[in-house]
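S.K.: One file: coords12.pdb (PDB, C-alpha atoms, pLDDT in the B column).
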MODEL        1
ATOM      1  CA  MET A   1      80.105 327.862  97.752  1.00 50.00           C
ATOM      2  CA  ALA A   2      77.973 326.974 100.747  1.00 55.00           C
ATOM      3  CA  ALA A   3      79.557 326.193 104.072  1.00 57.00           C
ATOM      4  CA  ARG A   4      79.218 322.588 105.149  1.00 59.00           C
ATOM      5  CA  ASP A   5      76.610 323.375 107.809  1.00 76.00           C
ATOM      6  CA  GLU A   6      74.426 325.516 105.530  1.00 89.00           C
ATOM      7  CA  LEU A   7      71.222 324.268 103.926  1.00 93.00           C
ATOM      8  CA  ALA A   8      69.988 325.081 100.416  1.00 96.00           C
ATOM      9  CA  VAL A   9      66.718 327.023 100.191  1.00 94.00           C
ATOM     10  CA  PHE A  10      64.897 327.882  96.962  1.00 96.00           C
ATOM     11  CA  SER A  11      63.669 331.463  97.255  1.00 93.00           C
ATOM     12  CA  TYR A  12      61.323 333.087  94.767  1.00 93.00           C
ATOM     13  CA  GLY A  13      60.071 336.288  96.379  1.00 84.00           C
ATOM     14  CA  THR A  14      60.084 338.146  99.659  1.00 79.00           C
ATOM     15  CA  LEU A  15      63.131 336.353 101.027  1.00 82.00           C
ATOM     16  CA  LEU A  16      65.247 337.812  98.204  1.00 88.00           C
ATOM     17  CA  ASN A  17      64.736 341.322  99.620  1.00 83.00           C
ATOM     18  CA  PRO A  18      68.078 342.489 101.128  1.00 88.00           C
ATOM     19  CA  ASP A  19      66.367 344.601 103.824  1.00 83.00           C
ATOM     20  CA  LEU A  20      64.280 341.634 104.915  1.00 79.00           C
ATOM     21  CA  GLN A  21      67.361 339.386 104.889  1.00 86.00           C
ATOM     22  CA  ARG A  22      69.163 341.837 107.171  1.00 86.00           C
ATOM     23  CA  SER A  23      66.151 341.890 109.522  1.00 81.00           C
ATOM     24  CA  VAL A  24      65.647 338.118 109.610  1.00 80.00           C
ATOM     25  CA  PHE A  25      69.236 336.818 109.279  1.00 85.00           C
ATOM     26  CA  GLY A  26      71.414 339.783 110.205  1.00 89.00           C
ATOM     27  CA  ARG A  27      73.196 339.533 106.855  1.00 93.00           C
ATOM     28  CA  ILE A  28      72.683 339.715 103.093  1.00 94.00           C
ATOM     29  CA  VAL A  29      72.364 336.286 101.482  1.00 92.00           C
ATOM     30  CA  THR A  30      73.335 335.802  97.841  1.00 88.00           C
ATOM     31  CA  GLY A  31      72.282 332.899  95.669  1.00 94.00           C
ATOM     32  CA  ASP A  32      72.385 331.123  92.344  1.00 96.00           C
ATOM     33  CA  ASP A  33      69.598 331.213  89.767  1.00 98.00           C
ATOM     34  CA  ASP A  34      67.490 328.062  89.460  1.00 98.00           C
ATOM     35  CA  VAL A  35      64.006 326.953  88.445  1.00 98.00           C
ATOM     36  CA  LEU A  36      61.353 324.891  90.194  1.00 98.00           C
ATOM     37  CA  VAL A  37      59.340 322.877  87.670  1.00 98.00           C
ATOM     38  CA  GLY A  38      55.764 321.746  88.317  1.00 98.00           C
ATOM     39  CA  TYR A  39      54.842 324.672  90.567  1.00 98.00           C
ATOM     40  CA  LYS A  40      52.929 327.883  89.961  1.00 97.00           C
ATOM     41  CA  LEU A  41      53.479 331.309  91.531  1.00 95.00           C
ATOM     42  CA  SER A  42      50.553 333.313  92.905  1.00 91.00           C
ATOM     43  CA  TYR A  43      50.045 335.871  95.675  1.00 86.00           C
ATOM     44  CA  ILE A  44      48.346 335.840  99.061  1.00 77.00           C
ATOM     45  CA  GLU A  45      47.180 338.749 101.185  1.00 76.00           C
ATOM     46  CA  VAL A  46      49.366 339.149 104.267  1.00 68.00           C
ATOM     47  CA  PRO A  47      47.062 338.622 107.261  1.00 65.00           C
ATOM     48  CA  ASP A  48      49.361 340.267 109.806  1.00 61.00           C
ATOM     49  CA  ARG A  49      49.838 344.049 109.538  1.00 64.00           C
ATOM     50  CA  GLN A  50      53.176 343.894 111.374  1.00 58.00           C
ATOM     51  CA  ILE A  51      54.549 341.328 108.900  1.00 59.00           C
ATOM     52  CA  ALA A  52      53.274 343.431 105.977  1.00 58.00           C
ATOM     53  CA  GLU A  53      55.048 346.498 107.367  1.00 64.00           C
ATOM     54  CA  TRP A  54      58.208 344.516 108.058  1.00 59.00           C
ATOM     55  CA  SER A  55      58.337 343.050 104.544  1.00 58.00           C
ATOM     56  CA  GLY A  56      57.042 346.207 102.861  1.00 63.00           C
ATOM     57  CA  GLN A  57      54.416 344.171 100.980  1.00 63.00           C
ATOM     58  CA  GLN A  58      50.668 343.752 101.404  1.00 67.00           C
ATOM     59  CA  GLN A  59      50.787 340.563  99.344  1.00 73.00           C
ATOM     60  CA  HIS A  60      53.417 337.845  99.445  1.00 76.00           C
ATOM     61  CA  PRO A  61      54.315 335.500  96.611  1.00 86.00           C
ATOM     62  CA  ILE A  62      53.443 331.885  97.281  1.00 89.00           C
ATOM     63  CA  ILE A  63      53.930 328.729  95.225  1.00 94.00           C
ATOM     64  CA  ARG A  64      51.662 325.755  94.788  1.00 94.00           C
ATOM     65  CA  PRO A  65      52.451 322.382  93.232  1.00 96.00           C
ATOM     66  CA  THR A  66      50.638 321.682  89.962  1.00 96.00           C
ATOM     67  CA  GLY A  67      52.521 318.661  88.671  1.00 95.00           C
ATOM     68  CA  ASN A  68      52.476 320.288  85.226  1.00 98.00           C
ATOM     69  CA  PRO A  69      56.007 320.391  83.723  1.00 97.00           C
ATOM     70  CA  LEU A  70      55.042 323.555  81.829  1.00 98.00           C
ATOM     71  CA  ASP A  71      54.573 325.432  85.127  1.00 98.00           C
ATOM     72  CA  LYS A  72      57.832 326.956  86.366  1.00 98.00           C
ATOM     73  CA  VAL A  73      58.896 329.254  89.159  1.00 98.00           C
ATOM     74  CA  PHE A  74      62.145 331.183  88.726  1.00 98.00           C
ATOM     75  CA  GLY A  75      64.178 331.996  91.794  1.00 97.00           C
ATOM     76  CA  LYS A  76      67.501 331.602  93.553  1.00 97.00           C
ATOM     77  CA  VAL A  77      69.080 328.949  95.735  1.00 97.00           C
ATOM     78  CA  ILE A  78      70.368 330.588  98.881  1.00 95.00           C
ATOM     79  CA  HIS A  79      72.267 328.942 101.713  1.00 94.00           C
ATOM     80  CA  LEU A  80      71.187 329.342 105.321  1.00 92.00           C
ATOM     81  CA  THR A  81      72.338 327.929 108.608  1.00 92.00           C
ATOM     82  CA  GLU A  82      69.917 325.813 110.640  1.00 90.00           C
ATOM     83  CA  GLN A  83      69.385 328.780 112.976  1.00 87.00           C
ATOM     84  CA  GLU A  84      68.632 331.108 110.030  1.00 86.00           C
ATOM     85  CA  LEU A  85      66.240 328.541 108.603  1.00 83.00           C
ATOM     86  CA  ASP A  86      64.444 328.421 111.965  1.00 78.00           C
ATOM     87  CA  SER A  87      64.192 332.241 111.844  1.00 72.00           C
ATOM     88  CA  ARG A  88      62.671 331.940 108.380  1.00 68.00           C
ATOM     89  CA  ASP A  89      60.179 329.399 109.686  1.00 66.00           C
ATOM     90  CA  ASP A  90      59.131 331.915 112.363  1.00 62.00           C
ATOM     91  CA  PHE A  91      58.609 334.546 109.655  1.00 59.00           C
ATOM     92  CA  ALA A  92      56.676 332.159 107.388  1.00 58.00           C
ATOM     93  CA  LEU A  93      53.541 332.229 109.570  1.00 55.00           C
ATOM     94  CA  TRP A  94      50.736 329.813 108.844  1.00 60.00           C
ATOM     95  CA  MET A  95      50.646 330.283 105.081  1.00 70.00           C
ATOM     96  CA  PHE A  96      53.798 328.340 104.153  1.00 79.00           C
ATOM     97  CA  SER A  97      55.107 324.828 104.671  1.00 86.00           C
ATOM     98  CA  ARG A  98      58.798 324.044 104.281  1.00 87.00           C
ATOM     99  CA  THR A  99      59.038 321.253 101.703  1.00 92.00           C
ATOM    100  CA  PRO A 100      62.004 319.484 100.065  1.00 96.00           C
ATOM    101  CA  VAL A 101      62.084 319.968  96.283  1.00 97.00           C
ATOM    102  CA  THR A 102      64.279 318.999  93.345  1.00 98.00           C
ATOM    103  CA  LEU A 103      65.165 321.908  91.076  1.00 98.00           C
ATOM    104  CA  ALA A 104      65.726 322.001  87.308  1.00 98.00           C
ATOM    105  CA  SER A 105      69.490 321.965  87.962  1.00 98.00           C
ATOM    106  CA  GLY A 106      69.119 318.649  89.806  1.00 98.00           C
ATOM    107  CA  ARG A 107      69.921 320.245  93.173  1.00 97.00           C
ATOM    108  CA  THR A 108      67.698 319.556  96.134  1.00 97.00           C
ATOM    109  CA  ALA A 109      66.600 322.391  98.389  1.00 97.00           C
ATOM    110  CA  TRP A 110      63.946 323.435 100.843  1.00 94.00           C
ATOM    111  CA  ALA A 111      61.115 325.555  99.407  1.00 94.00           C
ATOM    112  CA  TYR A 112      58.282 327.373 101.118  1.00 89.00           C
ATOM    113  CA  VAL A 113      55.034 326.307  99.440  1.00 92.00           C
ATOM    114  CA  ALA A 114      51.385 327.019 100.195  1.00 89.00           C
ATOM    115  CA  SER A 115      50.414 325.268 103.406  1.00 78.00           C
ATOM    116  CA  SER A 116      47.493 322.885 103.560  1.00 63.00           C
ATOM    117  CA  ILE A 117      45.662 325.502 105.666  1.00 48.00           C
ATOM    118  CA  ASP A 118      46.107 328.038 102.857  1.00 45.00           C
ATOM    119  CA  GLU A 119      45.054 325.474 100.239  1.00 44.00           C
ATOM    120  CA  SER A 120      41.809 324.733 102.077  1.00 40.00           C
ATOM    121  CA  ARG A 121      41.187 328.460 102.479  1.00 42.00           C
ATOM    122  CA  ASP A 122      41.575 328.944  98.710  1.00 44.00           C
ATOM    123  CA  ALA A 123      39.134 326.107  98.039  1.00 39.00           C
ATOM    124  CA  ALA A 124      36.560 327.857 100.220  1.00 38.00           C
ATOM    125  CA  ASP A 125      36.927 331.185  98.350  1.00 39.00           C
TER     126      ASP A 125
ENDMDL
END
So that I can check it, write out the structure of this file as structure tokens.
M.R.:
Amino acid sequence: MAARDELAVFSYGTLLNPDLQRSVFGRIVTGDDDVLVGYKLSYIEVPDRQIAEWSGQQQHPIIRPTGNPLDKVFGKVIHLTEQELDSRDDFALWMFSRTPVTLASGRTAWAYVASSIDESRDAAD
């Protein structure tokens, strides 16, 4: 159960890595399975070598809204303090925007989705 001052975050990729959690939050964060409907998972090249080394990945998963109920992203709801969420925002760079979402379970949570900058970049490719 989440502490009263913790916020729900839907995580679907890099943030589920225990080593990364230790680096960003100073602790391992567990969560509950959930699904985000109407979004699609893809990958983006990490533009910052230091972030790629830190996460251990050259590409990061990223989600985009489709509005199609057949599109689903599976992940976990984790609980972070406001300070931890701010640390996550620092890690998210320019490619993500923190957005409130409603999950298949009916819970609401923050999710990191493709930013409008990333969306316009994809359109240009």
S.K.: If we count all atoms listed in the file and set the cut-off at 6 Å, which residues sit around Ile62 of chain A, ignoring sequence neighbours fewer than 3 positions away in its own chain? Please answer as a list of chain:residue names.
M.R.: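 Listing them by chain and then by number gives A:Leu41, A:Ser42, A:Tyr43.
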S.K.: Got time to write the residues from that selection, C-alpha atoms, as a PDB file, in the coordinates of the input?
M.R.:
ATOM      1  CA  LEU A  41      53.479 331.309  91.531  1.00 95.00           C
ATOM      2  CA  SER A  42      50.553 333.313  92.905  1.00 91.00           C
ATOM      3  CA  TYR A  43      50.045 335.871  95.675  1.00 86.00           C
TER       4      TYR A  43
END
S.K.: Go through A:Ile78, A:Val113, A:Leu36, A:Val101 one by one, measure the shortest atom-to-atom distance of each to Gln21 of chain A using only C-alpha atoms, and give the residue with the smallest value.
M.R.: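 Between A:Ile78, A:Val113, A:Leu36, A:Val101, the residue approaching Gln21 of chain A most closely is A:Ile78.
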S.K.: Could you check which of A:Arg107, A:Arg22, A:His60, A:Lys72 is closest to Met95 of chain A, using only C-alpha atoms?
M.R.: A:His60
S.K.: At what distance in Å, to one decimal, does atom CA of Asp32 of chain A lie from atom CA of Leu16 of chain A?
M.R.: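 Atom-to-atom, atom CA of Leu16 of chain A to atom CA of Asp32 of chain A, that is 11.4 Å.
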S.K.: From the options A:Val29, A:Phe74, A:Gly67, A:Asp5, which residue's atoms come nearest to Leu103 of chain A, counting all atoms listed in the file?
M.R.: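 The closest residue to Leu103 of chain A is A:Phe74.
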